[in-house]
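Below: run-v6.tsv (TSV, C-alpha atoms and all ligand atoms)
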```tsv
chain	number	residue	atom	x	y	z
A	1	MET	CA	107.53	117.05	80.05
A	2	ALA	CA	109.22	113.70	80.58
A	3	ASP	CA	107.90	110.87	78.45
A	4	LEU	CA	108.57	107.91	80.73
A	5	LYS	CA	107.52	104.50	79.51
A	6	LEU	CA	107.33	101.03	81.03
A	7	GLY	CA	110.81	99.58	81.38
A	8	ASP	CA	112.53	102.96	81.55
A	9	VAL	CA	114.82	103.62	84.49
A	10	ALA	CA	112.99	105.65	87.16
A	11	PRO	CA	114.89	108.95	87.44
A	12	ASP	CA	116.70	109.48	90.73
A	13	PHE	CA	116.29	112.76	92.61
A	14	THR	CA	116.98	114.37	95.96
A	15	ALA	CA	114.07	116.21	97.54
A	16	ASP	CA	112.69	117.62	100.80
A	17	THR	CA	110.06	115.38	102.33
A	18	THR	CA	108.03	115.22	105.52
A	19	GLU	CA	110.70	112.80	106.78
A	20	GLY	CA	113.66	115.03	105.84
A	21	GLN	CA	115.74	115.31	102.69
A	22	LEU	CA	116.17	112.04	100.81
A	23	SER	CA	117.45	110.61	97.57
A	24	LEU	CA	114.98	108.27	95.91
A	25	TYR	CA	117.52	105.54	95.19
A	26	GLU	CA	118.94	105.62	98.74
A	27	TYR	CA	115.43	105.52	100.16
A	28	LEU	CA	114.47	102.53	98.00
A	29	GLY	CA	117.70	100.58	98.49
A	30	ASP	CA	117.05	97.10	97.06
A	31	SER	CA	113.30	97.27	97.70
A	32	TRP	CA	110.44	97.77	95.32
A	33	GLY	CA	108.93	101.26	95.37
A	34	ILE	CA	105.61	102.97	94.81
A	35	LEU	CA	105.61	106.70	94.06
A	36	PHE	CA	102.21	108.35	93.90
A	37	SER	CA	101.44	111.94	93.01
A	38	HIS	CA	98.67	114.12	94.41
A	39	PRO	CA	97.25	117.18	92.68
A	40	ALA	CA	97.50	119.38	95.77
A	41	ASP	CA	97.45	119.53	99.58
A	42	PHE	CA	94.13	120.04	101.41
A	43	THR	CA	92.07	118.42	98.66
A	44	PRO	CA	89.36	115.93	99.59
A	45	VAL	CA	90.18	112.90	97.41
A	46	CYS	CA	93.91	113.12	98.15
A	47	THR	CA	93.19	113.34	101.87
A	48	THR	CA	91.31	110.03	101.74
A	49	GLU	CA	94.00	108.46	99.54
A	50	LEU	CA	96.87	109.33	101.86
A	51	GLY	CA	94.89	108.06	104.86
A	52	THR	CA	94.16	104.82	103.02
A	53	ALA	CA	97.80	104.50	101.95
A	54	ALA	CA	98.92	104.88	105.58
A	55	LYS	CA	96.55	102.10	106.66
A	56	TYR	CA	97.82	99.84	103.83
A	57	LYS	CA	101.50	100.33	104.75
A	58	PRO	CA	101.80	96.93	106.52
A	59	GLN	CA	100.63	95.27	103.29
A	60	PHE	CA	103.18	97.18	101.20
A	61	ASP	CA	105.87	96.36	103.82
A	62	LYS	CA	104.98	92.66	103.57
A	63	ARG	CA	105.72	92.86	99.85
A	64	ASN	CA	108.99	94.78	100.41
A	65	VAL	CA	107.58	97.91	98.74
A	66	LYS	CA	108.62	101.35	100.02
A	67	MET	CA	105.96	104.05	99.71
A	68	ILE	CA	106.54	107.69	98.83
A	69	ALA	CA	104.02	110.39	97.90
A	70	ILE	CA	104.42	113.79	96.27
A	71	SER	CA	102.50	116.98	95.75
A	72	VAL	CA	103.73	120.32	94.47
A	73	ASP	CA	102.99	122.16	97.70
A	74	GLY	CA	105.71	123.14	100.15
A	75	ILE	CA	106.94	121.32	103.24
A	76	ASP	CA	105.13	123.53	105.81
A	77	SER	CA	101.87	122.97	103.97
A	78	HIS	CA	102.54	119.20	103.92
A	79	HIS	CA	103.11	119.11	107.69
A	80	GLU	CA	99.84	120.98	108.31
A	81	TRP	CA	97.98	118.73	105.87
A	82	VAL	CA	99.34	115.57	107.52
A	83	LYS	CA	97.72	116.71	110.80
A	84	ASP	CA	94.37	116.94	108.99
A	85	ILE	CA	94.87	113.55	107.30
A	86	ASN	CA	95.68	111.88	110.63
A	87	GLU	CA	92.69	113.52	112.28
A	88	THR	CA	90.07	112.94	109.59
A	89	GLN	CA	91.21	109.49	108.38
A	90	GLN	CA	92.09	108.12	111.83
A	91	CYS	CA	95.60	107.16	110.79
A	92	THR	CA	99.22	108.12	111.19
A	93	VAL	CA	100.88	109.02	107.90
A	94	ASN	CA	103.91	106.75	108.00
A	95	PHE	CA	105.78	107.37	104.74
A	96	PRO	CA	107.46	110.46	103.27
A	97	ILE	CA	105.59	113.06	101.23
A	98	ILE	CA	107.82	114.99	98.84
A	99	ALA	CA	107.48	118.78	98.74
A	100	ASP	CA	107.99	119.88	95.16
A	101	PRO	CA	107.06	123.57	94.92
A	102	ASP	CA	109.33	124.19	91.93
A	103	LYS	CA	107.99	121.02	90.21
A	104	THR	CA	111.44	119.50	89.68
A	105	VAL	CA	110.34	115.95	90.48
A	106	ALA	CA	106.94	116.46	88.84
A	107	ASN	CA	108.64	117.45	85.58
A	108	LEU	CA	111.19	114.64	85.83
A	109	TYR	CA	108.34	112.11	86.00
A	110	GLY	CA	105.96	113.80	83.56
A	111	MET	CA	103.38	114.49	86.27
A	112	MET	CA	102.51	117.91	84.86
A	113	HIS	CA	99.83	117.64	82.17
A	114	PRO	CA	99.07	121.19	81.02
A	115	ASN	CA	95.81	120.10	79.37
A	116	ALA	CA	94.61	118.89	82.78
A	117	SER	CA	96.13	121.66	84.94
A	118	ASP	CA	99.11	123.97	84.66
A	119	LYS	CA	99.40	124.24	88.46
A	120	ALA	CA	98.96	120.76	89.89
A	121	THR	CA	100.35	117.29	89.24
A	122	VAL	CA	98.06	114.63	87.85
A	123	ARG	CA	97.11	111.66	90.03
A	124	SER	CA	99.75	109.16	88.89
A	125	VAL	CA	101.27	105.96	90.25
A	126	TYR	CA	104.73	104.61	89.44
A	127	ILE	CA	105.76	101.15	90.60
A	128	ILE	CA	109.54	100.78	90.58
A	129	GLY	CA	111.33	97.42	90.63
A	130	PRO	CA	114.47	96.61	92.63
A	131	ASP	CA	116.36	97.19	89.35
A	132	LYS	CA	114.98	100.80	89.44
A	133	LYS	CA	112.98	100.22	86.26
A	134	LEU	CA	109.36	101.34	85.92
A	135	LYS	CA	107.05	98.32	86.16
A	136	LEU	CA	103.73	100.19	86.09
A	137	LEU	CA	102.56	103.70	85.22
A	138	LEU	CA	98.96	104.72	85.84
A	139	THR	CA	97.28	108.10	85.63
A	140	TYR	CA	93.84	108.81	87.06
A	141	PRO	CA	91.65	111.85	86.68
A	142	ALA	CA	91.70	114.23	89.64
A	143	SER	CA	88.09	113.28	90.42
A	144	THR	CA	88.83	109.55	90.90
A	145	GLY	CA	90.62	108.22	93.97
A	146	ARG	CA	92.95	105.26	93.55
A	147	ASN	CA	92.09	101.68	94.47
A	148	PHE	CA	94.88	100.47	96.76
A	149	ASP	CA	93.70	96.85	96.60
A	150	GLU	CA	94.32	96.98	92.85
A	151	LEU	CA	97.81	98.36	93.41
A	152	LEU	CA	98.62	95.49	95.79
A	153	ARG	CA	97.17	93.03	93.27
A	154	VAL	CA	99.43	94.40	90.51
A	155	ILE	CA	102.45	94.21	92.83
A	156	ASP	CA	101.60	90.56	93.59
A	157	SER	CA	101.46	89.89	89.86
A	158	LEU	CA	104.69	91.78	89.14
A	159	GLN	CA	106.55	89.95	91.89
A	160	LEU	CA	105.21	86.55	90.87
A	161	THR	CA	106.07	87.01	87.21
A	162	ALA	CA	109.40	88.84	87.65
A	163	ASN	CA	111.53	85.71	87.59
A	164	GLN	CA	109.26	83.07	86.08
A	165	GLN	CA	107.77	82.75	82.62
A	166	LEU	CA	104.27	83.16	83.98
A	167	ALA	CA	101.57	85.82	83.58
A	168	THR	CA	98.38	86.54	85.49
A	169	PRO	CA	94.93	86.48	83.86
A	170	ALA	CA	92.11	88.99	84.13
A	171	ASN	CA	91.00	89.75	87.67
A	172	TRP	CA	93.64	87.36	89.01
A	173	LYS	CA	94.24	87.45	92.74
A	174	HIS	CA	97.14	86.02	94.76
A	175	GLY	CA	96.68	82.25	95.11
A	176	GLU	CA	94.68	81.73	91.91
A	177	ARG	CA	95.92	79.88	88.84
A	178	VAL	CA	98.19	81.70	86.41
A	179	VAL	CA	98.96	81.34	82.72
A	180	ILE	CA	102.18	79.97	81.25
A	181	SER	CA	103.94	82.39	78.95
A	182	PRO	CA	103.59	81.59	75.22
A	183	SER	CA	107.40	81.61	74.94
A	184	VAL	CA	107.58	78.34	76.95
A	185	SER	CA	107.34	75.15	74.84
A	186	ASP	CA	104.84	72.45	75.87
A	187	GLU	CA	107.76	70.17	76.68
A	188	ASP	CA	109.29	72.72	79.03
A	189	ALA	CA	105.92	73.60	80.50
A	190	ASP	CA	105.27	69.93	81.33
A	191	LYS	CA	108.64	69.65	83.06
A	192	ARG	CA	108.23	72.83	85.09
A	193	TRP	CA	104.50	72.70	85.83
A	194	PRO	CA	103.55	69.00	85.39
A	195	ASN	CA	99.91	69.61	86.36
A	196	ASN	CA	99.32	72.41	83.86
A	197	GLU	CA	96.02	72.40	82.00
A	198	LYS	CA	96.11	73.02	78.23
A	199	VAL	CA	92.80	74.77	77.61
A	200	LYS	CA	94.07	75.77	74.12
A	201	PRO	CA	97.60	75.46	72.72
A	202	TYR	CA	98.11	79.15	73.61
A	203	LEU	CA	96.20	79.09	76.92
A	204	ARG	CA	97.87	76.90	79.55
A	205	LEU	CA	96.94	77.26	83.22
A	206	THR	CA	98.91	76.20	86.27
A	207	GLU	CA	99.21	76.67	90.00
A	208	ALA	CA	101.94	79.23	90.63
A	301	LIG	C1	91.15	115.95	95.27
A	301	LIG	O1	92.19	115.35	95.50
A	301	LIG	O2	90.21	115.91	96.04
A	301	LIG	C2	91.01	116.77	94.02
A	301	LIG	C3	92.12	117.36	93.47
A	301	LIG	C4	91.97	118.13	92.35
A	301	LIG	C5	90.70	118.26	91.77
A	301	LIG	C6	89.61	117.63	92.32
A	301	LIG	C7	89.76	116.87	93.47
```
Once you've parsed the file, please lay out its structure as structure tokens.
Ligand code: BEZ
Amino acid sequence: MADLKLGDVAPDFTADTTEGQLSLYEYLGDSWGILFSHPADFTPVCTTELGTAAKYKPQFDKRNVKMIAISVDGIDSHHEWVKDINETQQCTVNFPIIADPDKTVANLYGMMHPNASDKATVRSVYIIGPDKKLKLLLTYPASTGRNFDELLRVIDSLQLTANQQLATPANWKHGERVVISPSVSDEDADKRWPNNEKVKPYLRLTEA
């Protein structure tokens, strides 16, 4: 099982998907990416998640994030399942779903957790930066569907803090004040964010 960690390069692969064969890196180009795994086709939680993901696509597009899903079932099964997702979730699945019956991609990304299941992938999320490095890894239990608002919130934080020495506090949402990284001196902080508030020497808040 792969032991991918934050900051590792996301492994590239070529795979069959509901939108034809693709290579991950070619699909992503210079965009950000979100890869999310599903335990299996025709399962209730995953059905709601893929429907929700399809409805959120404009919000991922706005952030320049390409979406791609995976489950270990085959391509014919995926196409049948997509019909059910579109029907029951009133959506049109509008991103590729990888078919991975031999678990090549699942093993590459460490999505197989034998203590959870030896047949199905766990419910994981990988956010990939334009540099192809892993910016977030999350694994949920099969019984808990993902919160797509939280994923957008993390992407907002990642994109805001990618090129600036800023960080986002607990429960932060786009538009709220952020914290200045401890590596920035007060002198520098005052030059770059003149209106920053020094709550404590180590806790300095500013508008982004
Ligand atoms: C689901 O996606 O609904 C699910 C998958 C595996 C176990 C339980 C639920």
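Distances from A:Val45, A:Ile34, A:Ile85, A:Leu152 to ligand LIG 301 (chain A) were compared using all atoms listed in the file, and the smallest one belongs to A:Val45.
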Close residues, Leu160 (chain A) itself excluded, 12 Å, all atoms listed in the file, min 3 positions apart in chain, as a ChimeraX atom specification: /A:63,153-157,163-168,172-179,207-208
Distance filter 6 Å around ligand LIG 301 (chain A), atoms: all atoms listed in the file, out as a list in words: Pro39, Thr43, Pro44, Val45, Cys46, Ala142 and Ser143 of chain A
Selection near Asn94 (chain A), 9 Å with only C-alpha atoms, sequence-local residues under 4 positions removed, as a PyMOL selection string: chain A and resi 53-55+57+67
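CA of Ser185 (chain A) sits 12.0 Å away from CA of Leu203 (chain A).
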Name the residues in contact with Val125 (chain A) at a cut-off of 9 Å, using all atoms listed in the file, excluding same-chain residues fewer than 4 positions from it; report them as a PyMOL selection string. chain A and resi 34-37+136-140+146+151
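Nearest-residue note for Tyr109 (chain A): choosing from A:Tyr56, A:Leu134, A:Ser77, A:Asn86, the minimum distance belongs to A:Leu134, counting all atoms listed in the file.
Atom pair CA of Ile70 (chain A) / CA of Ala99 (chain A): separated by 6.4 Å.
Between Leu4 (chain A) and the residues A:Leu28, A:Val82, A:Ile68, A:Leu108, the shortest atom-to-atom distance, using only C-alpha atoms, involves A:Leu108.
Checking A:Asp118, A:Glu49, A:Phe95, A:Lys132 one by one against Glu26 (chain A), counting all atoms listed in the file, you find the shortest gap at A:Lys132.
With all atoms listed in the file as the atoms that count, the minimum distance from Glu80 (chain A) to the choices A:Asp41, A:Asp102, A:Asp3, A:Asp61 is reached by A:Asp41.
Nearest to Gly33 (chain A) of all the residues A:Asn171, A:Ser183, A:Asn107, A:Asn64 is A:Asn64, based on all atoms listed in the file.
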Identify the residues within 9 Å of coordinate (113.8, 96.8, 88.9) (same frame as the file), considering only C-alpha atoms, and give the answer as an NGL selection string. :A and (7 or 9 or 30-32 or 128-135)
Save the residues we just selected, C-alpha atoms, as a PDB file, keeping the file's coordinate frame?
```pdb
ATOM      1  CA  GLY A   7     110.810  99.580  81.380  1.00  0.00           C
ATOM      2  CA  VAL A   9     114.820 103.620  84.490  1.00  0.00           C
ATOM      3  CA  ASP A  30     117.050  97.100  97.060  1.00  0.00           C
ATOM      4  CA  SER A  31     113.300  97.270  97.700  1.00  0.00           C
ATOM      5  CA  TRP A  32     110.440  97.770  95.320  1.00  0.00           C
ATOM      6  CA  ILE A 128     109.540 100.780  90.580  1.00  0.00           C
ATOM      7  CA  GLY A 129     111.330  97.420  90.630  1.00  0.00           C
ATOM      8  CA  PRO A 130     114.470  96.610  92.630  1.00  0.00           C
ATOM      9  CA  ASP A 131     116.360  97.190  89.350  1.00  0.00           C
ATOM     10  CA  LYS A 132     114.980 100.800  89.440  1.00  0.00           C
ATOM     11  CA  LYS A 133     112.980 100.220  86.260  1.00  0.00           C
ATOM     12  CA  LEU A 134     109.360 101.340  85.920  1.00  0.00           C
ATOM     13  CA  LYS A 135     107.050  98.320  86.160  1.00  0.00           C
TER      14      LYS A 135
END
```
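Coordinates place CA of Lys83 (chain A) at a distance of 10.9 Å from CA of Gly51 (chain A).
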List as a list in words the residues having at least one atom at most 10 Å from position (97.6, 73.8, 82.3) as given in the file, counting all atoms listed in the file. Arg177, Val178, Val179, Ile180, Asp186, Ala189, Asp190, Trp193, Pro194, Asn195, Asn196, Glu197, Lys198, Val199, Lys200, Pro201, Leu203, Arg204, Leu205, Thr206 and Glu207 of chain A
Within 9 Å of Ala120 (chain A), counting all atoms listed in the file, which residues qualify if same-chain residues fewer than 2 places away don't, as a compact mmCIF listing (two decimals) with C-alpha atoms, keeping the file's coordinate frame?
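Result file is part_28.txt:
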```txt
# COMPACT_ATOMS: atom_id res chain seq x y z
CA HIS A 38 98.67 114.12 94.41
CA PRO A 39 97.25 117.18 92.68
CA ALA A 40 97.50 119.38 95.77
CA SER A 71 102.50 116.98 95.75
CA VAL A 72 103.73 120.32 94.47
CA ASP A 73 102.99 122.16 97.70
CA MET A 111 103.38 114.49 86.27
CA MET A 112 102.51 117.91 84.86
CA HIS A 113 99.83 117.64 82.17
CA PRO A 114 99.07 121.19 81.02
CA ALA A 116 94.61 118.89 82.78
CA SER A 117 96.13 121.66 84.94
CA ASP A 118 99.11 123.97 84.66
CA VAL A 122 98.06 114.63 87.85
```
Coordinates of box centre and edge lengths for region 98-102 of chain A, 3 Å on every side, axis-aligned, as JSON:
```
{"center_x": 108.2, "center_y": 119.6, "center_z": 95.4, "size_x": 8.3, "size_y": 15.2, "size_z": 12.9}
```
Reconstructed region 171-182 of chain A, atom set all heavy atoms, as a PDB file, in the coordinates of the input:
```pdb
ATOM      1  N   ASN A 171      91.558  89.785  86.307  1.00  0.00           N
ATOM      2  CA  ASN A 171      91.000  89.750  87.670  1.00  0.00           C
ATOM      3  C   ASN A 171      91.705  88.763  88.600  1.00  0.00           C
ATOM      4  O   ASN A 171      91.185  88.447  89.667  1.00  0.00           O
ATOM      5  CB  ASN A 171      89.490  89.436  87.652  1.00  0.00           C
ATOM      6  CG  ASN A 171      88.681  90.592  87.121  1.00  0.00           C
ATOM      7  OD1 ASN A 171      89.215  91.683  86.947  1.00  0.00           O
ATOM      8  ND2 ASN A 171      87.415  90.369  86.850  1.00  0.00           N
ATOM      9  N   TRP A 172      92.878  88.304  88.186  1.00  0.00           N
ATOM     10  CA  TRP A 172      93.640  87.360  89.010  1.00  0.00           C
ATOM     11  C   TRP A 172      93.892  87.946  90.402  1.00  0.00           C
ATOM     12  O   TRP A 172      94.098  89.152  90.552  1.00  0.00           O
ATOM     13  CB  TRP A 172      94.987  87.082  88.335  1.00  0.00           C
ATOM     14  CG  TRP A 172      95.931  86.261  89.163  1.00  0.00           C
ATOM     15  CD1 TRP A 172      95.999  84.907  89.232  1.00  0.00           C
ATOM     16  CD2 TRP A 172      96.967  86.758  90.045  1.00  0.00           C
ATOM     17  NE1 TRP A 172      97.003  84.524  90.101  1.00  0.00           N
ATOM     18  CE2 TRP A 172      97.602  85.643  90.612  1.00  0.00           C
ATOM     19  CE3 TRP A 172      97.395  88.040  90.403  1.00  0.00           C
ATOM     20  CZ2 TRP A 172      98.666  85.760  91.507  1.00  0.00           C
ATOM     21  CZ3 TRP A 172      98.442  88.167  91.304  1.00  0.00           C
ATOM     22  CH2 TRP A 172      99.067  87.030  91.844  1.00  0.00           C
ATOM     23  N   LYS A 173      93.845  87.043  91.373  1.00  0.00           N
ATOM     24  CA  LYS A 173      94.240  87.450  92.740  1.00  0.00           C
ATOM     25  C   LYS A 173      95.241  86.423  93.259  1.00  0.00           C
ATOM     26  O   LYS A 173      95.201  85.244  92.876  1.00  0.00           O
ATOM     27  CB  LYS A 173      93.035  87.484  93.670  1.00  0.00           C
ATOM     28  CG  LYS A 173      92.102  88.635  93.383  1.00  0.00           C
ATOM     29  CD  LYS A 173      91.256  88.958  94.626  1.00  0.00           C
ATOM     30  CE  LYS A 173      89.999  89.698  94.254  1.00  0.00           C
ATOM     31  NZ  LYS A 173      89.016  88.862  93.528  1.00  0.00           N
ATOM     32  N   HIS A 174      96.106  86.874  94.164  1.00  0.00           N
ATOM     33  CA  HIS A 174      97.140  86.020  94.760  1.00  0.00           C
ATOM     34  C   HIS A 174      96.538  84.675  95.175  1.00  0.00           C
ATOM     35  O   HIS A 174      95.503  84.628  95.824  1.00  0.00           O
ATOM     36  CB  HIS A 174      97.716  86.721  95.985  1.00  0.00           C
ATOM     37  CG  HIS A 174      98.845  85.976  96.593  1.00  0.00           C
ATOM     38  ND1 HIS A 174     100.053  85.806  95.963  1.00  0.00           N
ATOM     39  CD2 HIS A 174      98.956  85.330  97.764  1.00  0.00           C
ATOM     40  CE1 HIS A 174     100.851  85.104  96.712  1.00  0.00           C
ATOM     41  NE2 HIS A 174     100.222  84.798  97.818  1.00  0.00           N
ATOM     42  N   GLY A 175      97.154  83.586  94.742  1.00  0.00           N
ATOM     43  CA  GLY A 175      96.680  82.250  95.110  1.00  0.00           C
ATOM     44  C   GLY A 175      95.915  81.568  93.978  1.00  0.00           C
ATOM     45  O   GLY A 175      95.754  80.346  94.005  1.00  0.00           O
ATOM     46  N   GLU A 176      95.432  82.349  93.013  1.00  0.00           N
ATOM     47  CA  GLU A 176      94.680  81.730  91.910  1.00  0.00           C
ATOM     48  C   GLU A 176      95.634  81.232  90.822  1.00  0.00           C
ATOM     49  O   GLU A 176      96.816  81.596  90.790  1.00  0.00           O
ATOM     50  CB  GLU A 176      93.696  82.762  91.321  1.00  0.00           C
ATOM     51  CG  GLU A 176      92.605  83.129  92.319  1.00  0.00           C
ATOM     52  CD  GLU A 176      91.620  84.181  91.800  1.00  0.00           C
ATOM     53  OE1 GLU A 176      91.814  84.716  90.693  1.00  0.00           O
ATOM     54  OE2 GLU A 176      90.660  84.462  92.532  1.00  0.00           O
ATOM     55  N   ARG A 177      95.073  80.420  89.902  1.00  0.00           N
ATOM     56  CA  ARG A 177      95.920  79.880  88.840  1.00  0.00           C
ATOM     57  C   ARG A 177      96.416  80.977  87.900  1.00  0.00           C
ATOM     58  O   ARG A 177      95.770  82.016  87.742  1.00  0.00           O
ATOM     59  CB  ARG A 177      95.156  78.810  88.043  1.00  0.00           C
ATOM     60  CG  ARG A 177      94.992  77.523  88.844  1.00  0.00           C
ATOM     61  CD  ARG A 177      94.679  76.335  87.967  1.00  0.00           C
ATOM     62  NE  ARG A 177      93.465  76.509  87.188  1.00  0.00           N
ATOM     63  CZ  ARG A 177      93.067  75.667  86.240  1.00  0.00           C
ATOM     64  NH1 ARG A 177      93.791  74.601  85.939  1.00  0.00           N
ATOM     65  NH2 ARG A 177      91.949  75.877  85.579  1.00  0.00           N
ATOM     66  N   VAL A 178      97.555  80.722  87.300  1.00  0.00           N
ATOM     67  CA  VAL A 178      98.190  81.700  86.410  1.00  0.00           C
ATOM     68  C   VAL A 178      98.367  81.075  85.033  1.00  0.00           C
ATOM     69  O   VAL A 178      98.134  79.873  84.859  1.00  0.00           O
ATOM     70  CB  VAL A 178      99.569  82.126  86.987  1.00  0.00           C
ATOM     71  CG1 VAL A 178      99.401  82.768  88.351  1.00  0.00           C
ATOM     72  CG2 VAL A 178     100.514  80.932  87.089  1.00  0.00           C
ATOM     73  N   VAL A 179      98.738  81.880  84.057  1.00  0.00           N
ATOM     74  CA  VAL A 179      98.960  81.340  82.720  1.00  0.00           C
ATOM     75  C   VAL A 179     100.467  81.199  82.449  1.00  0.00           C
ATOM     76  O   VAL A 179     101.279  81.969  82.968  1.00  0.00           O
ATOM     77  CB  VAL A 179      98.286  82.180  81.601  1.00  0.00           C
ATOM     78  CG1 VAL A 179      96.793  82.257  81.813  1.00  0.00           C
ATOM     79  CG2 VAL A 179      98.876  83.554  81.501  1.00  0.00           C
ATOM     80  N   ILE A 180     100.783  80.203  81.637  1.00  0.00           N
ATOM     81  CA  ILE A 180     102.180  79.970  81.250  1.00  0.00           C
ATOM     82  C   ILE A 180     102.468  80.808  80.018  1.00  0.00           C
ATOM     83  O   ILE A 180     101.671  80.845  79.069  1.00  0.00           O
ATOM     84  CB  ILE A 180     102.407  78.471  80.962  1.00  0.00           C
ATOM     85  CG1 ILE A 180     102.129  77.665  82.244  1.00  0.00           C
ATOM     86  CG2 ILE A 180     103.826  78.212  80.453  1.00  0.00           C
ATOM     87  CD1 ILE A 180     102.090  76.155  82.045  1.00  0.00           C
ATOM     88  N   SER A 181     103.599  81.485  80.054  1.00  0.00           N
ATOM     89  CA  SER A 181     103.940  82.390  78.950  1.00  0.00           C
ATOM     90  C   SER A 181     104.018  81.630  77.618  1.00  0.00           C
ATOM     91  O   SER A 181     104.527  80.494  77.562  1.00  0.00           O
ATOM     92  CB  SER A 181     105.282  83.032  79.266  1.00  0.00           C
ATOM     93  OG  SER A 181     105.759  83.697  78.151  1.00  0.00           O
ATOM     94  N   PRO A 182     103.534  82.249  76.536  1.00  0.00           N
ATOM     95  CA  PRO A 182     103.590  81.590  75.220  1.00  0.00           C
ATOM     96  C   PRO A 182     105.008  81.250  74.779  1.00  0.00           C
ATOM     97  O   PRO A 182     105.201  80.373  73.930  1.00  0.00           O
ATOM     98  CB  PRO A 182     102.978  82.640  74.283  1.00  0.00           C
ATOM     99  CG  PRO A 182     102.192  83.555  75.161  1.00  0.00           C
ATOM    100  CD  PRO A 182     102.855  83.535  76.509  1.00  0.00           C
TER     101      PRO A 182
END
```
